[in-house]
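Q: File follows, query14.pdb with PDB, C-alpha atoms and all ligand atoms:
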ATOM      1  CA  MET Y 114     119.311  63.015  72.891  1.00  0.00           C
ATOM      2  CA  ALA Y 115     116.989  64.487  70.299  1.00  0.00           C
ATOM      3  CA  ASP Y 116     114.529  62.211  68.529  1.00  0.00           C
ATOM      4  CA  ALA Y 117     114.753  62.717  64.751  1.00  0.00           C
ATOM      5  CA  ASP Y 118     111.052  61.832  64.373  1.00  0.00           C
ATOM      6  CA  ALA Y 119     109.849  64.088  67.175  1.00  0.00           C
ATOM      7  CA  THR Y 120     107.541  67.013  66.540  1.00  0.00           C
ATOM      8  CA  TYR Y 121     108.617  70.249  68.158  1.00  0.00           C
ATOM      9  CA  LEU Y 122     106.380  73.063  69.348  1.00  0.00           C
ATOM     10  CA  HIS Y 123     107.215  76.687  69.946  1.00  0.00           C
ATOM     11  CA  LEU Y 124     105.701  78.609  72.796  1.00  0.00           C
ATOM     12  CA  THR Y 125     106.465  81.753  74.721  1.00  0.00           C
ATOM     13  CA  ILE Y 126     107.146  81.723  78.445  1.00  0.00           C
ATOM     14  CA  ASP Y 127     107.242  85.176  80.034  1.00  0.00           C
ATOM     15  CA  GLY Y 128     108.105  86.645  76.650  1.00  0.00           C
ATOM     16  CA  ARG Y 129     110.886  84.174  75.928  1.00  0.00           C
ATOM     17  CA  SER Y 130     110.630  81.745  73.004  1.00  0.00           C
ATOM     18  CA  VAL Y 131     110.920  78.099  74.010  1.00  0.00           C
ATOM     19  CA  GLU Y 132     110.963  74.939  71.888  1.00  0.00           C
ATOM     20  CA  VAL Y 133     109.665  71.694  73.363  1.00  0.00           C
ATOM     21  CA  GLU Y 134     108.885  68.252  72.062  1.00  0.00           C
ATOM     22  CA  GLY Y 135     105.239  67.496  71.289  1.00  0.00           C
ATOM     23  CA  GLY Y 136     103.475  65.925  74.259  1.00  0.00           C
ATOM     24  CA  THR Y 137     105.300  68.071  76.794  1.00  0.00           C
ATOM     25  CA  ILE Y 138     103.193  69.522  79.598  1.00  0.00           C
ATOM     26  CA  VAL Y 139     103.494  73.202  80.454  1.00  0.00           C
ATOM     27  CA  ALA Y 140     104.971  72.507  83.901  1.00  0.00           C
ATOM     28  CA  ALA Y 141     107.804  70.562  82.273  1.00  0.00           C
ATOM     29  CA  ALA Y 142     108.352  73.325  79.729  1.00  0.00           C
ATOM     30  CA  LEU Y 143     108.608  75.824  82.569  1.00  0.00           C
ATOM     31  CA  ALA Y 144     111.188  73.671  84.339  1.00  0.00           C
ATOM     32  CA  MET Y 145     113.197  73.102  81.165  1.00  0.00           C
ATOM     33  CA  ALA Y 146     113.113  76.847  80.432  1.00  0.00           C
ATOM     34  CA  GLY Y 147     114.467  77.592  83.886  1.00  0.00           C
ATOM     35  CA  ALA Y 148     111.420  79.533  85.017  1.00  0.00           C
ATOM     36  CA  GLY Y 149     111.866  79.757  88.775  1.00  0.00           C
ATOM     37  CA  ARG Y 150     108.176  80.041  89.564  1.00  0.00           C
ATOM     38  CA  THR Y 151     104.719  79.393  88.252  1.00  0.00           C
ATOM     39  CA  ARG Y 152     103.122  82.244  90.160  1.00  0.00           C
ATOM     40  CA  THR Y 153     103.595  84.509  93.149  1.00  0.00           C
ATOM     41  CA  SER Y 154     101.620  84.124  96.364  1.00  0.00           C
ATOM     42  CA  VAL Y 155      99.643  87.018  97.847  1.00  0.00           C
ATOM     43  CA  SER Y 156     102.496  87.516 100.302  1.00  0.00           C
ATOM     44  CA  GLY Y 157     104.998  87.786  97.437  1.00  0.00           C
ATOM     45  CA  GLU Y 158     106.547  84.348  97.691  1.00  0.00           C
ATOM     46  CA  PRO Y 159     107.414  82.400  94.523  1.00  0.00           C
ATOM     47  CA  ARG Y 160     105.397  79.229  94.005  1.00  0.00           C
ATOM     48  CA  ALA Y 161     106.177  76.261  91.757  1.00  0.00           C
ATOM     49  CA  ALA Y 162     104.674  72.945  90.716  1.00  0.00           C
ATOM     50  CA  LEU Y 163     104.599  70.544  93.644  1.00  0.00           C
ATOM     51  CA  CYS Y 164     102.330  67.526  93.168  1.00  0.00           C
ATOM     52  CA  GLY Y 165     102.283  67.269  89.380  1.00  0.00           C
ATOM     53  CA  MET Y 166      98.799  65.766  89.428  1.00  0.00           C
ATOM     54  CA  GLY Y 167      96.314  68.635  89.714  1.00  0.00           C
ATOM     55  CA  ILE Y 168      95.882  68.663  93.491  1.00  0.00           C
ATOM     56  CA  CYS Y 169      98.043  71.392  95.021  1.00  0.00           C
ATOM     57  CA  GLN Y 170      97.173  74.240  92.621  1.00  0.00           C
ATOM     58  CA  GLU Y 171     100.714  75.617  93.000  1.00  0.00           C
ATOM     59  CA  CYS Y 172     101.374  75.422  89.268  1.00  0.00           C
ATOM     60  CA  ARG Y 173      98.725  77.948  88.223  1.00  0.00           C
ATOM     61  CA  VAL Y 174      99.823  80.150  85.325  1.00  0.00           C
ATOM     62  CA  THR Y 175      98.156  82.360  82.766  1.00  0.00           C
ATOM     63  CA  ILE Y 176      97.953  80.708  79.351  1.00  0.00           C
ATOM     64  CA  ASP Y 177      96.789  82.675  76.334  1.00  0.00           C
ATOM     65  CA  GLY Y 178      95.200  85.233  78.648  1.00  0.00           C
ATOM     66  CA  ARG Y 179      93.332  82.693  80.750  1.00  0.00           C
ATOM     67  CA  ALA Y 180      94.346  82.875  84.413  1.00  0.00           C
ATOM     68  CA  HIS Y 181      94.714  80.013  86.906  1.00  0.00           C
ATOM     69  CA  VAL Y 182      95.393  77.250  84.384  1.00  0.00           C
ATOM     70  CA  LEU Y 183      97.134  74.246  85.917  1.00  0.00           C
ATOM     71  CA  ALA Y 184     100.497  73.906  84.174  1.00  0.00           C
ATOM     72  CA  CYS Y 185     100.820  70.289  85.287  1.00  0.00           C
ATOM     73  CA  GLN Y 186      97.569  69.356  83.534  1.00  0.00           C
ATOM     74  CA  THR Y 187      98.041  71.296  80.293  1.00  0.00           C
ATOM     75  CA  LEU Y 188      99.813  70.153  77.159  1.00  0.00           C
ATOM     76  CA  CYS Y 189     101.993  72.623  75.291  1.00  0.00           C
ATOM     77  CA  ARG Y 190     100.567  73.846  71.995  1.00  0.00           C
ATOM     78  CA  GLU Y 191     102.133  75.670  69.080  1.00  0.00           C
ATOM     79  CA  GLY Y 192     102.118  79.426  69.653  1.00  0.00           C
ATOM     80  CA  GLN Y 193     100.981  79.171  73.268  1.00  0.00           C
ATOM     81  CA  MET Y 194     101.693  82.183  75.494  1.00  0.00           C
ATOM     82  CA  VAL Y 195     102.482  81.291  79.105  1.00  0.00           C
ATOM     83  CA  CYS Y 196     102.858  83.942  81.793  1.00  0.00           C
ATOM     84  CA  THR Y 197     104.044  83.251  85.334  1.00  0.00           C
ATOM     85  CA  GLY Y 198     103.913  86.835  86.513  1.00  0.00           C
ATOM     86  CA  ALA Y 199     107.608  86.646  87.399  1.00  0.00           C
ATOM     87  CA  ALA Y 200     108.371  89.974  85.729  1.00  0.00           C
ATOM     88  CA  ALA Y 201     105.690  91.727  87.769  1.00  0.00           C
ATOM     89  CA  ALA Y 202     106.887  90.018  90.952  1.00  0.00           C
ATOM     90  CA  ASN Y 203     110.474  91.060  90.284  1.00  0.00           C
ATOM     91  CA  ALA Y 204     109.375  94.623  89.639  1.00  0.00           C
ATOM     92  CA  THR Y 205     107.632  94.782  93.007  1.00  0.00           C
ATOM     93  CA  GLY Y 206     110.564  93.269  94.873  1.00  0.00           C
ATOM     94  CA  ALA Y 207     108.920  89.970  95.715  1.00  0.00           C
ATOM     95  CA  THR Y 208     111.315  87.509  97.300  1.00  0.00           C
ATOM     96  CA  SER Y 209     113.005  84.839  95.217  1.00  0.00           C
ATOM     97  CA  THR Y 210     113.497  82.221  97.902  1.00  0.00           C
ATOM     98  CA  PRO Y 211     110.536  80.080  98.990  1.00  0.00           C
ATOM     99  CA  THR Y 212     109.781  79.971 102.707  1.00  0.00           C
ATOM    100  CA  THR Y 213     107.763  77.608 104.841  1.00  0.00           C
ATOM    101  CA  THR Y 214     105.568  80.372 106.252  1.00  0.00           C
ATOM    102  CA  ASP Y 215     103.734  81.131 103.007  1.00  0.00           C
ATOM    103  CA  LYS Y 216      99.954  81.188 103.400  1.00  0.00           C
ATOM    104  CA  ARG Y 217      99.316  81.068  99.585  1.00  0.00           C
TER     105      ARG Y 217
HETATM  106  S1  LIG Y 301     101.622  70.778  90.443  1.00  0.00           S
HETATM  107 FE1  LIG Y 301     100.030  70.497  91.869  1.00  0.00          FE
HETATM  108  S2  LIG Y 301      98.245  71.050  90.792  1.00  0.00           S
HETATM  109 FE2  LIG Y 301      99.822  71.255  89.320  1.00  0.00          FE
END
Would you give me this structure, written as structure tokens?
Ligand code: FES
A:
Amino acid sequence: MADADATYLHLTIDGRSVEVEGGTIVAAALAMAGAGRTRTSVSGEPRAALCGMGICQECRVTIDGRAHVLACQTLCREGQMVCTGAAAANATGATSTPTTTDKR
């Protein structure tokens, strides 16, 4: 249910415009937008937020050109540009199903 008094922000995730309520963290925006990954491991496996508290580093994304920003520790801002690298991973044929053998 939408809050009539809420402030909404507009950001871009992998080139797609997304609207979120003020106070939303980037990891939540990614989940709400249906982004299947936050980054791709060196072995081509998709990675996604795991701990939600800045420990696992699995939620690293590029925000406004700055790489390795923790999505779970970053608030959404108006006009923010978030890149997961999913387009590049898809172009190279990286897998879309996480496995337990990933070495990061
Ligand atoms: S989800 Fe673990 S550090 Fe962000």
Q: With all atoms of range 119-134 of chain Y from the file as input, state the centre and edge lengths in Å to one decimal of the axis-aligned box that has 5 Å extra on each side, as AutoDock Vina command-line options.
A:
--center_x 108.3 --center_y 75.4 --center_z 73.3 --size_x 15.3 --size_y 32.6 --size_z 23.5
Q: Between Y:Val133, Y:Cys172, Y:Ala146, Y:Ala119, which residue has the minimum interatomic distance to ligand LIG 301 (chain Y), considering all atoms listed in the file?
A: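 Counting all atoms listed in the file, the residue closest to ligand LIG 301 (chain Y) is Y:Cys172.
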Q: When the PyMOL selection byres (((not hetatm)) within 8 of (chain Y and resi 301)) is applied to the file above, which residues end up in the set, as a PDB file with C-alpha atoms, in the coordinates of the input?
A:
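Okay, part38.pdb is ready:
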ATOM      1  CA  ALA Y 140     104.971  72.507  83.901  1.00  0.00           C
ATOM      2  CA  ALA Y 161     106.177  76.261  91.757  1.00  0.00           C
ATOM      3  CA  ALA Y 162     104.674  72.945  90.716  1.00  0.00           C
ATOM      4  CA  LEU Y 163     104.599  70.544  93.644  1.00  0.00           C
ATOM      5  CA  CYS Y 164     102.330  67.526  93.168  1.00  0.00           C
ATOM      6  CA  GLY Y 165     102.283  67.269  89.380  1.00  0.00           C
ATOM      7  CA  MET Y 166      98.799  65.766  89.428  1.00  0.00           C
ATOM      8  CA  GLY Y 167      96.314  68.635  89.714  1.00  0.00           C
ATOM      9  CA  ILE Y 168      95.882  68.663  93.491  1.00  0.00           C
ATOM     10  CA  CYS Y 169      98.043  71.392  95.021  1.00  0.00           C
ATOM     11  CA  GLN Y 170      97.173  74.240  92.621  1.00  0.00           C
ATOM     12  CA  GLU Y 171     100.714  75.617  93.000  1.00  0.00           C
ATOM     13  CA  CYS Y 172     101.374  75.422  89.268  1.00  0.00           C
ATOM     14  CA  ARG Y 173      98.725  77.948  88.223  1.00  0.00           C
ATOM     15  CA  LEU Y 183      97.134  74.246  85.917  1.00  0.00           C
ATOM     16  CA  ALA Y 184     100.497  73.906  84.174  1.00  0.00           C
ATOM     17  CA  CYS Y 185     100.820  70.289  85.287  1.00  0.00           C
ATOM     18  CA  GLN Y 186      97.569  69.356  83.534  1.00  0.00           C
TER      19      GLN Y 186
END
Q: Separation of CA of Leu188 in chain Y and CA of Gly135 in chain Y, in Å?
A: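 So the answer is 8.4 Å.
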Q: List the residues matched by the PyMOL selection byres (((chain Y and resi 123) around 6) and not hetatm) in the displayed structure as an MDAnalysis selection string, ordered by chain and then by residue number.
A: chainID Y and resid 122 124 131:132 191:192
Q: Do you know which residues are at most 9 Å from Gly149 in chain Y counting only C-alpha atoms, after dropping those on the same chain fewer than 4 positions away, and could you put them as a list of chain:residue names?
A: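 That gives Y:Leu143, Y:Ala144, Y:Pro159, Y:Arg160, Y:Ala161, Y:Ala199, Y:Ser209.
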Q: Taking the file as I've supplied it (selection: the PyMOL selection byres (((chain Y and resi 194) around 9) and not hetatm)), which residues are included? Please answer as a PyMOL selection string.
A: chain Y and resi 124-128+175-178+192-193+195-196
Q: Would you mind telling me which residue in Y:Ala117, Y:Ala142, Y:Gly198, Y:Thr153 lies nearest to Ser130 in chain Y when using all atoms listed in the file?
A: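 Closest residue, counting all atoms listed in the file: Y:Ala142.
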